[in-house]
Amino acid sequence: MGANKLALAGGSVGNTLGKNLGAKDEKGVIGTRQLCFFVAFLLPVSKLLETPSVLAYYAKGDLLFPAICQQLLQALAIGLFLFLSARTDKSFFELIESGLGRIAAKIIYIALAVYFVFYSLLPLLEFERFVYTAFFDAAPTFSAFLPFFLMSAYVCTKGLKAFARSADLAMPLFIVSFVGLMVMSVGESDFSAVLPLFGTPISSSFKGFLRSMIHFSDSALLLPMLGAYRYKKGDGKKVMGSYALGSFFVLFFLVVFYGLFGPLSPIMTFAFDKTAQYFKALNTVGRIDLMLAYTMTILLIFYYCLPLQLGVICFSRAVETNKKIPVAAALNLALLLFTAYFAKFYTRIYNFVTYYSFWVFPVFAYLLPLFALFLVLKNRGKRMNGGGMSESDKKTARKEDGYATC
C-alpha cells in the first residue's frame with residue numbers, strides 16, 4: 001500500500017514538473033471550427049505547388065488515381081486521430097508516458113521533432129524557388145527569403161493558439177484566391193485531356209503514389225495536437241466532411257491543371273501560379289491573377305511554419321523547457337543556411353527525399369497513429385480490469401469510455 005502511494009506521489013511530481021517545464025497545458029485550445037478549416041483550406045494549399053507536376057510526370061493523364069489513393073489513405077489517418085481524440089483527453093506525450101514510461105515518451109517526441117524538420121526540408125526549397133520565380137523578375141539577393149524565417153521563428157515561440165488563429169484566417173484567404181484562380185482557368189481547360197482513364201500502366205500510377213508521399217503526409221501534423229483538440233459529439237461528420245471538401249479542391253485543381261497543360265504538365269512546376277495566365281481578360285486588365293497567387297502564398301507561409309512550430313513544441317516538451325526562443329532561433333537560422341546553400345543541389349535532395357527516404361513519411365503519418373491507438377486500447381484494457389485504480393480514476397475511465405466515437 002505504501003509503495004503504491006509512493007508511486008502515485010512520484011507520478012504526481014513528475015506530471016507537475018512536466019507542466020512547469022516544457023509542458024504548458026494547452027488542452028482545448030483548438031476548436032472544431034479550426035480543425036475543420038485546417039483540413040479544408042490549409043491542407044489543400046500544400047498540394048497546389050509541386051504536387052500536380054510530380055503526379056503528371058509519372059501518371060500523366062491518370063494523375064487523379066494516385067491522388068485519390070493518397071487522399072483516401074490520409075482520410076483514414078484523420079479518422080483515426082478523431083477516434084483517438086474521442087477516446088482520451090491525454091496529449092500524445094502523456095499517452096506514451098502512461099503506456100511506456102517517461103523516457104520512451106521523450107525519445108519518441110525527439111524523433112517526432114526531427115521528423116518535422118526533415119519533412120520541411122524539401123518543401124522549403126520548393127517554396128524558396130517559387131517565391132524567387134513569382135515575386136522577382138531579376139535574381140534576388142540572399143536575404144530575399146529571410147522574412148519567411150523571421151516569421152517562422154516568431155511563430156515557433158508560440159503555442160498551438162497560433163495554429164488556431166492561422167486556421168481561422170485560412171478560410172477567407174483560400175476561398176478568395178482558389179475560386180478566383182479557378183474562374184479564370186476553367187474556361188481555358190480541356191477536361192477531356194484526362195480521358196480515357198487508366199490510360200497509363202498501373203506501375204506509373206504506383207510510382208506517382210510513392211514519389212508524392214511527402215505531399216500527402218500531413219496527418220502526422222495532428223499527433224502533437226492530441227489533447228489540444230477536444231472531441232465533441234458530431235465532430236466526426238464535420239471534420240471528415242471538411243476534409244472531403246478540401247480533397248475535392250485538390251482533385252478539381254488537378255483536372256483543370258492537366259486540362260490546361262496536357263503533355264507539358266510535368267514541367268509546369270508551381271502550378272497555381274500558372275493556371276490563370278491564359279485567361280483572355282488579362283490582356284485588358286493586366287495580371288490580376290498574380291494578386292490571387294500572392295494571397296495563396298500567405299497560406300503557404302502559414303502551412304510551412306506549422307511543422308517547424310510543432311518540431312519546436314515536441315523538442316521543448318521532450319527536454320522539459322519553456323525556453324522556446326533559443327530553440328526556435330537556432331532551428332530557423334540552421335534552415336536559412338540550409339536553403340541558401342543547398343538550393344543548388346535541389347535535384348539531389350529531391351531524389352533523396354522522394355526516392356530513398358519516401359518510407360519515412362508513412363511511418364510517422366500512419367504507423368505512429370496506429371501505435372497511439374494501441375496505447376489507447378491498452379490503457380482501456382487496464383481500466384476495464386480496474387486493478388490498482390482509485391475511485392476517481394474509475395470515474396474518469398467511465399467518462400472516457402462514454403465518449404462518442406467518430
# chains A, B, ... in the order shown; residues from 1 in each chain; ligands from 1
$ residues_around --residues "Glu50 of chain A" --least-positions-apart "4" --cutoff "7 Å" --atoms "only C-alpha atoms" --output "PDB file with C-alpha atoms, in the first residue's frame"
ATOM      1  CA  VAL A  54       5.050  15.373 -59.947  1.00  0.00           C
ATOM      2  CA  THR A 269       6.001  23.470 -61.540  1.00  0.00           C
ATOM      3  CA  PHE A 270       4.461  25.996 -59.131  1.00  0.00           C
ATOM      4  CA  ALA A 271       1.101  25.087 -60.625  1.00  0.00           C
TER       5      ALA A 271
END
$ residues_around --residues "Tyr109 of chain A" --least-positions-apart "2" --cutoff "8 Å" --atoms "only C-alpha atoms" --output "list in words"
Phe93, Ala105, Lys106, Ile107, Ala111, Leu112, Ala113, Cys314, Phe315, Arg317 and Ala318 of chain A
$ closest_residue --among "A:Gly236, A:Gly31, A:Gly262, A:Pro201" --to "Leu80 of chain A" --atoms "only C-alpha atoms"
A:Gly236
$ closest_residue --among "A:Arg33, A:Lys280, A:Lys27, A:Lys90" --to "Leu375 of chain A" --atoms "only C-alpha atoms"
A:Lys90
$ residues_around --residues "segment 140-157 of chain A" --least-positions-apart "6" --cutoff "8 Å" --atoms "only C-alpha atoms" --output "PyMOL selection string"
chain A and resi 128+131-132+301+305+308-310+312-313+324-325+328-329+332-333+336+340
$ residues_around --residues "segment 59-76 of chain A" --least-positions-apart "5" --cutoff "6 Å" --atoms "only C-alpha atoms" --output "PyMOL selection string"
chain A and resi 194+198+204-205+208-209
$ atom_distance --atom1 "atom CA of Gly28 of chain A" --atom2 "atom CA of Phe92 of chain A"
13.9 Å
$ decode --residues "segment 324-338 of chain A" --atoms "N, CA and C atoms" --output "PDB file, in the first residue's frame"
ATOM      1  N   LYS A 324      11.548  28.491 -25.476  1.00  0.00           N
ATOM      2  CA  LYS A 324      11.420  28.168 -26.889  1.00  0.00           C
ATOM      3  C   LYS A 324      12.195  29.129 -27.789  1.00  0.00           C
ATOM      4  N   ILE A 325      12.487  30.324 -27.297  1.00  0.00           N
ATOM      5  CA  ILE A 325      13.129  31.329 -28.154  1.00  0.00           C
ATOM      6  C   ILE A 325      14.485  30.861 -28.672  1.00  0.00           C
ATOM      7  N   PRO A 326      15.409  30.376 -27.823  1.00  0.00           N
ATOM      8  CA  PRO A 326      16.688  29.910 -28.372  1.00  0.00           C
ATOM      9  C   PRO A 326      16.535  28.698 -29.290  1.00  0.00           C
ATOM     10  N   VAL A 327      15.588  27.805 -28.969  1.00  0.00           N
ATOM     11  CA  VAL A 327      15.358  26.641 -29.830  1.00  0.00           C
ATOM     12  C   VAL A 327      14.833  27.081 -31.197  1.00  0.00           C
ATOM     13  N   ALA A 328      13.849  28.000 -31.193  1.00  0.00           N
ATOM     14  CA  ALA A 328      13.273  28.494 -32.448  1.00  0.00           C
ATOM     15  C   ALA A 328      14.311  29.258 -33.267  1.00  0.00           C
ATOM     16  N   ALA A 329      15.121  30.074 -32.604  1.00  0.00           N
ATOM     17  CA  ALA A 329      16.139  30.857 -33.307  1.00  0.00           C
ATOM     18  C   ALA A 329      17.182  29.945 -33.944  1.00  0.00           C
ATOM     19  N   ALA A 330      17.644  28.945 -33.201  1.00  0.00           N
ATOM     20  CA  ALA A 330      18.663  28.033 -33.727  1.00  0.00           C
ATOM     21  C   ALA A 330      18.118  27.238 -34.909  1.00  0.00           C
ATOM     22  N   LEU A 331      16.895  26.754 -34.791  1.00  0.00           N
ATOM     23  CA  LEU A 331      16.298  25.956 -35.866  1.00  0.00           C
ATOM     24  C   LEU A 331      16.148  26.777 -37.136  1.00  0.00           C
ATOM     25  N   ASN A 332      15.591  27.968 -37.025  1.00  0.00           N
ATOM     26  CA  ASN A 332      15.330  28.767 -38.224  1.00  0.00           C
ATOM     27  C   ASN A 332      16.615  29.317 -38.835  1.00  0.00           C
ATOM     28  N   LEU A 333      17.607  29.605 -38.021  1.00  0.00           N
ATOM     29  CA  LEU A 333      18.899  30.010 -38.573  1.00  0.00           C
ATOM     30  C   LEU A 333      19.531  28.861 -39.344  1.00  0.00           C
ATOM     31  N   ALA A 334      19.465  27.658 -38.788  1.00  0.00           N
ATOM     32  CA  ALA A 334      20.022  26.490 -39.482  1.00  0.00           C
ATOM     33  C   ALA A 334      19.304  26.243 -40.806  1.00  0.00           C
ATOM     34  N   LEU A 335      17.977  26.391 -40.815  1.00  0.00           N
ATOM     35  CA  LEU A 335      17.216  26.165 -42.045  1.00  0.00           C
ATOM     36  C   LEU A 335      17.442  27.279 -43.060  1.00  0.00           C
ATOM     37  N   LEU A 336      17.671  28.507 -42.598  1.00  0.00           N
ATOM     38  CA  LEU A 336      18.013  29.588 -43.513  1.00  0.00           C
ATOM     39  C   LEU A 336      19.329  29.285 -44.229  1.00  0.00           C
ATOM     40  N   LEU A 337      20.320  28.832 -43.482  1.00  0.00           N
ATOM     41  CA  LEU A 337      21.612  28.474 -44.083  1.00  0.00           C
ATOM     42  C   LEU A 337      21.452  27.267 -44.997  1.00  0.00           C
ATOM     43  N   PHE A 338      20.584  26.344 -44.608  1.00  0.00           N
ATOM     44  CA  PHE A 338      20.338  25.162 -45.448  1.00  0.00           C
ATOM     45  C   PHE A 338      19.761  25.557 -46.795  1.00  0.00           C
TER      46      PHE A 338
END
